[in-house]
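Engineer: A single structure is presented below for examination.
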Amino acid sequence: QVQLVESGGGLVQDGGSLRLSCEVSGRTFSRSTMGWFRQTPGKEREFVAAISWIGGATRYENSVKGRFTISRDNDKNTLYLQMDSLKPEDTAKYFCAASHRASFSSTLSYTGTGTYDYWGQGTQVTVSS
């Protein structure tokens, strides 16, 4: 069984920082493209960032470029999302996900929720103004 467990969410002021973690059980982690998504009530889950399983290539949604950094530690089976300069519009529940099929050659591939095979339960991030 593959399990993803997020942590690190919380309440932070406008301009603050948080670091999300996602611990992955199972051998799938080291060969999976990993992604972070977020969702607010009544809206679809949206892509935030992704990182390849080898080489550490990364992709970001435009609104978080320069503020968020995705990284991974394959030895610890852990994915991270460092979030700096947070804004109230970043408020959402954040989910990590793993994919054996995502390709960085296609934007639709690595940003699409349907490409990801495994999901965590999410962690809430609230940014107050």
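Residue names in the structure tokens use chain letters A, B, ... in the order shown, residue numbers from 1 in each chain, and ligand numbers from 1 in the order shown.
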Mind checking DSSP for chain A and telling me the strand (DSSP E) residues as a PyMOL selection string?
Structural biologist: chain A and resi 3-7+10-13+18-25+33-39+46-51+58-60+68-73+78-83+92-99+118-119+123-128
Engineer: Pick out the residues sitting within 10 Å of Ala98 in chain A, and hand them over as a PyMOL selection string; count only C-alpha atoms, and ignore anything fewer than 5 positions along from it in its own chain.
Structural biologist: chain A and resi 2-4+24+28-29+31-36+50-51+53+79+115-120
Engineer: Excluding same-chain residues fewer than 6 positions from Ser63 in chain A, what lies within 10 Å of it counting only C-alpha atoms, as a list in words?
Structural biologist: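 Near neighbours after the sequence-gap exclusion: Val48, Glu89 and Asp90 of chain A.
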Engineer: So that I have them on file, write out the residues from the current selection with C-alpha atoms, as a PDB file, in the first residue's frame.
Structural biologist:
```pdb
ATOM      1  CA  VAL A  48       0.864  24.250  -7.494  1.00  0.00           C
ATOM      2  CA  GLU A  89      -5.067  34.059  -1.787  1.00  0.00           C
ATOM      3  CA  ASP A  90      -2.753  31.125  -0.990  1.00  0.00           C
TER       4      ASP A  90
END
```
Engineer: List every residue of range 4-71 of chain A that DSSP, applied to the backbone of this structure, assigns to helix (DSSP H, G or I), and report them as a ChimeraX atom specification.
Structural biologist: /A:29-31,62-64
Engineer: So that I can check the surroundings of range 8-17 of chain A, please list as a list in words every protein, DNA and RNA residue that reaches within 10 Å of it, counting only C-alpha atoms and ignoring chain neighbours fewer than 5 positions away.
Structural biologist: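 Returned residues: Cys22, Arg67, Phe68, Tyr80, Leu81, Gln82, Met83, Asp84, Ser85, Leu86, Lys87, Pro88, Glu89, Asp90, Thr91, Ala92, Lys93, Tyr94, Gly122, Thr123, Gln124, Val125, Thr126, Val127, Ser128 and Ser129 of chain A.
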Engineer: As an exercise, work out the distance from CA of Thr69 in chain A to CA of Phe37 in chain A in Å and give it to one decimal place.
Structural biologist: 13.2 Å
